Amino acid sequence: MLLAPIHHGLRGATAHILRKRSTSLFKNLSSCNGVPPTLVDAETIFALSSGHGKCGVAVVRVSGPSSATVLSSMAGLTRNLPFPRRALLRSITHPQSKEVLDRGLVLWFPAPHSFTGEDSVEFHIHGGPAVTSAVLQALGSVPGMRPAESGEFTRRAFQAGKLGLTEVEGLGDLIHAETEAQRRQALRQMSGELGQLYQNWSHKLKRCLAHVEAFIDFSEDELIEDGVLTHADGMVRHLQDDMARHLLDERRGERLRSGVQVVIAGATNAGKSSLLNTLCQRPAAIVSPIAGTTRDVVETALDVGGFPVLLSDTAGLRDSSDLVEREGVRRARERIEQADLTLVVVDCSHIPTETHQAAAFLQDYLQSVVLTQEQIHTVLASDRFLLVLNKVDLLSDEHRQLLKLKFGCIPALPPVCTISCHTNEGLQDFLTTLHSRVKALCGDPLSGAPTLTQARHRAHLQQCVAALDQYQRYRDFDLALAAEGIRLALTSLGRITGKVGPEEILDIIFKDFCIGK
């Protein structure tokens, strides 16, 4: 189904400071490899992990040092804990009153072999609101237990070294994935492929920095092998090339993650709102023979062959004395500028029958959408526009055949689709064309190198490339400043993987998780 609603030679004190800063940086880079001491004394947290609302089975997750105690008291285990990761059917009781709350499965995950790296318990209970509420209240009555904050389980997994930061972001994207392509991209990132790429670059930068700093400190004593600095130069250039190629992805990964922005534009009464309603298969926009009915942007999310699309219907483009309509036209033009793909809808009954006149008409029509002659050339040379000739059902059979023949003779036009929103004629061919365009804009999430999926990654990689440019600029004049460029590049990479970075970055990432994850 294609469519679904969805300093050189510097020595002594300065060199010592540089080495000290470098050592401190490397310590920070490896601080997440083991379980941080903060987790040892962490509070025990609990939450409903399976989502709210009525369901057959609900999962309540517990993590922290009191997990074993809670399991024993609420599952009536007087002797040993159950075998790890093996389901056990028990009566779930209140830890104080011993009232039976439900009968369900309990699972025990001892540290460090759990999602969070801590002792963890899962209660698989019936998913009625009264049952889940009773179990959660019972857990809250145990001293030392508290409800988890948003994303706290995943944050503890990150702090325990169970997940890297890019893997955490991949997990978040997987939870929020609405289309098949989004699921594939998120799963690939969660597997650690993107994080491994950045870790490899980080490792190479560490070697470069070590070589440069060794040359600064020991080259005058002839303790350094020949070619050390040349080797570092070559590695830096190679990394710059790799990062530049990685950045030249036309935002495919980000676009797949957030959705392709597709805008429906054109003159009044061309059938733009009808096309929106046809694609989303519901009356999302008002359709009327009165020109200028649509005044604001109407948005709907679609799944087009597994790819996410945010489809926007806009006001008809025309000059108007009505202040409200003029604002609608301004917003429409703003959306066209921001769009990944614009569907230019034309009432084909207005197209002249003579070929040259038809070509002139369509070029003038396109210019009315994009406004300037310079932009027209960009339109004709890009894949950002698609001409949609609507209302083909109003034409005679002879006129339809002439129309199809004409467009084989008209050069320098965007691809053309003829459809009828009234009879759905030509709709399947249009959807096939739309799907191929959207797929080209997003790329295949499973092929080639992993792509950038976050604007945050792109910003830090750009800073990394700029820092390596600093190395190239100062390499022959001030080697200490050149080394600082490598150090800044390492810091920028570390901000992506979570090995270096302020607490605020973590807060931004984890706040978007659900409470039980």
# chains A, B, ... in the order shown; residues from 1 in each chain; ligands from 1
call {"tool": "residues_around", "arguments": {"residues": "Arg237 in chain A", "least_positions_apart": "3", "cutoff": "12 Å", "atoms": "only C-alpha atoms", "output": "number ranges by chain"}}
result
A: 204-205, 208, 230-234, 240-244, 465, 468-469, 471-472, 486
call {"tool": "select_by_dssp", "arguments": {"residues": "range 187-398 of chain A", "states": "strand (DSSP E)", "output": "PyMOL selection string"}}
result
chain A and resi 260-266+298-304+307-313+341-347+385-390
call {"tool": "residues_around", "arguments": {"residues": "Arg79 in chain A", "least_positions_apart": "4", "cutoff": "12 Å", "atoms": "only C-alpha atoms", "output": "ChimeraX atom specification"}}
result
/A:68-69,71-73,75
call {"tool": "residues_around", "arguments": {"residues": "Leu165 in chain A", "least_positions_apart": "6", "cutoff": "8 Å", "atoms": "only C-alpha atoms", "output": "JSON, numbers by chain"}}
result
{"A": [158, 195, 496, 497, 498]}
call {"tool": "closest_atom_pairs", "arguments": {"of": "range 411-448 of chain A", "to": "range 338-362 of chain A", "cutoff": "12 Å", "atoms": "only C-alpha atoms", "output": "Markdown table"}}
result
| residue | atom | partner | partner_atom | distance |
| --- | --- | --- | --- | --- |
| A:Pro411 | CA | A:Ala359 | CA | 8.3 |
| A:Ala412 | CA | A:Ala359 | CA | 9.4 |
| A:Leu413 | CA | A:Leu362 | CA | 8.3 |
| A:Pro414 | CA | A:Val344 | CA | 9.6 |
| A:Pro415 | CA | A:Leu343 | CA | 10.3 |
| A:Val416 | CA | A:Val344 | CA | 9.6 |
| A:Cys417 | CA | A:Val345 | CA | 9.7 |
| A:Thr418 | CA | A:Cys348 | CA | 8.3 |
| A:Ile419 | CA | A:Cys348 | CA | 9.4 |
| A:Ser420 | CA | A:Cys348 | CA | 9.9 |
| A:Cys421 | CA | A:Asp347 | CA | 11.2 |
| A:Phe430 | CA | A:Leu343 | CA | 10.7 |
| A:Leu431 | CA | A:Leu343 | CA | 11.9 |
| A:Thr433 | CA | A:Leu343 | CA | 11.4 |
| A:Leu434 | CA | A:Leu343 | CA | 9.3 |
| A:His435 | CA | A:Leu341 | CA | 11.5 |
| A:Ser436 | CA | A:Leu341 | CA | 11.8 |
| A:Arg437 | CA | A:Leu341 | CA | 8.2 |
| A:Val438 | CA | A:Leu341 | CA | 8.2 |
| A:Lys439 | CA | A:Leu341 | CA | 11.6 |
| A:Ala440 | CA | A:Asp340 | CA | 11.0 |
| A:Leu441 | CA | A:Asp340 | CA | 7.8 |
| A:Cys442 | CA | A:Asp340 | CA | 10.3 |
call {"tool": "closest_atom_pairs", "arguments": {"of": "range 385-469 of chain A", "to": "range 181-184 of chain A", "cutoff": "9 Å", "atoms": "only C-alpha atoms", "output": "Markdown table"}}
result
| residue | atom | partner | partner_atom | distance |
| --- | --- | --- | --- | --- |
| A:Cys442 | CA | A:Ala181 | CA | 8.9 |
| A:Asp444 | CA | A:Ala181 | CA | 7.8 |
| A:Pro445 | CA | A:Arg184 | CA | 6.3 |
| A:Leu446 | CA | A:Arg184 | CA | 6.9 |
call {"tool": "write_last_selection", "arguments": {"atoms": "N, CA and C atoms", "output": "PDB file, in the first residue's frame"}}
result
ATOM      1  N   CYS A 442      14.534  10.900   0.878  1.00  0.00           N
ATOM      2  CA  CYS A 442      14.903  10.272   2.153  1.00  0.00           C
ATOM      3  C   CYS A 442      16.052   9.283   2.015  1.00  0.00           C
ATOM      4  N   ASP A 444      17.617   5.303   1.063  1.00  0.00           N
ATOM      5  CA  ASP A 444      17.374   3.979   1.638  1.00  0.00           C
ATOM      6  C   ASP A 444      18.085   3.894   2.983  1.00  0.00           C
ATOM      7  N   PRO A 445      17.350   3.767   4.081  1.00  0.00           N
ATOM      8  CA  PRO A 445      17.988   3.768   5.411  1.00  0.00           C
ATOM      9  C   PRO A 445      18.879   2.570   5.678  1.00  0.00           C
ATOM     10  N   LEU A 446      18.788   1.529   4.844  1.00  0.00           N
ATOM     11  CA  LEU A 446      19.573   0.314   5.078  1.00  0.00           C
ATOM     12  C   LEU A 446      20.804   0.208   4.189  1.00  0.00           C
TER      13      LEU A 446
END
call {"tool": "residues_around", "arguments": {"residues": "Glu250 in chain A", "least_positions_apart": "4", "cutoff": "10 Å", "atoms": "only C-alpha atoms", "output": "PyMOL selection string"}}
result
chain A and resi 246+254-255+441-443+451-452
call {"tool": "write_last_selection", "arguments": {"atoms": "N, CA and C atoms", "output": "CSV table (one decimal), in the first residue's frame"}}
result
chain,number,residue,atom,x,y,z
A,246,HIS,N,30.3,12.8,4.8
A,246,HIS,CA,29.2,12.5,5.7
A,246,HIS,C,28.2,13.6,5.8
A,254,GLU,N,17.8,13.2,8.4
A,254,GLU,CA,17.0,14.1,9.2
A,254,GLU,C,15.6,14.2,8.6
A,255,ARG,N,15.5,14.2,7.3
A,255,ARG,CA,14.2,14.3,6.6
A,255,ARG,C,13.4,13.1,6.9
A,441,LEU,N,14.2,11.6,-1.8
A,441,LEU,CA,14.5,12.7,-0.8
A,441,LEU,C,15.0,12.1,0.5
A,442,CYS,N,14.5,10.9,0.9
A,442,CYS,CA,14.9,10.3,2.2
A,442,CYS,C,16.1,9.3,2.0
A,443,GLY,N,16.2,8.7,0.9
A,443,GLY,CA,17.2,7.6,0.7
A,443,GLY,C,16.8,6.3,1.3
A,451,THR,N,23.5,7.5,8.1
A,451,THR,CA,23.4,8.9,7.8
A,451,THR,C,23.1,9.7,9.1
A,452,LEU,N,23.3,11.0,8.9
A,452,LEU,CA,23.0,11.9,10.0
A,452,LEU,C,21.5,11.9,10.3
call {"tool": "residues_around", "arguments": {"residues": "Asp393 in chain A", "least_positions_apart": "2", "cutoff": "9 Å", "atoms": "only C-alpha atoms", "output": "PyMOL selection string"}}
result
chain A and resi 390-391+395-396+400+419-423+425
call {"tool": "select_by_dssp", "arguments": {"residues": "range 277-341 of chain A", "states": "alpha helix (DSSP H)", "output": "count of residues only"}}
result
20
call {"tool": "closest_residue", "arguments": {"among": "A:Ile175, A:Gly306, A:Gly316, A:Leu279", "to": "Thr293 in chain A", "atoms": "only C-alpha atoms"}}
result
A:Gly316
call {"tool": "residues_around", "arguments": {"residues": "range 88-103 of chain A", "least_positions_apart": "4", "cutoff": "7 Å", "atoms": "only C-alpha atoms", "output": "NGL selection string"}}
result
:A and (73-75 or 107 or 125 or 131 or 134-135 or 138)
call {"tool": "closest_residue", "arguments": {"among": "A:Asp173, A:Met235, A:Glu178, A:Pro110", "to": "His203 in chain A", "atoms": "only C-alpha atoms"}}
result
A:Met235
call {"tool": "atom_distance", "arguments": {"atom1": "CA of His238 in chain A", "atom2": "CA of Leu209 in chain A"}}
result
14.7 Å
call {"tool": "atom_distance", "arguments": {"atom1": "CA of Gly104 in chain A", "atom2": "CA of Gly56 in chain A"}}
result
11.5 Å
call {"tool": "atom_distance", "arguments": {"atom1": "CA of Asn200 in chain A", "atom2": "CA of Gln454 in chain A"}}
result
19.1 Å
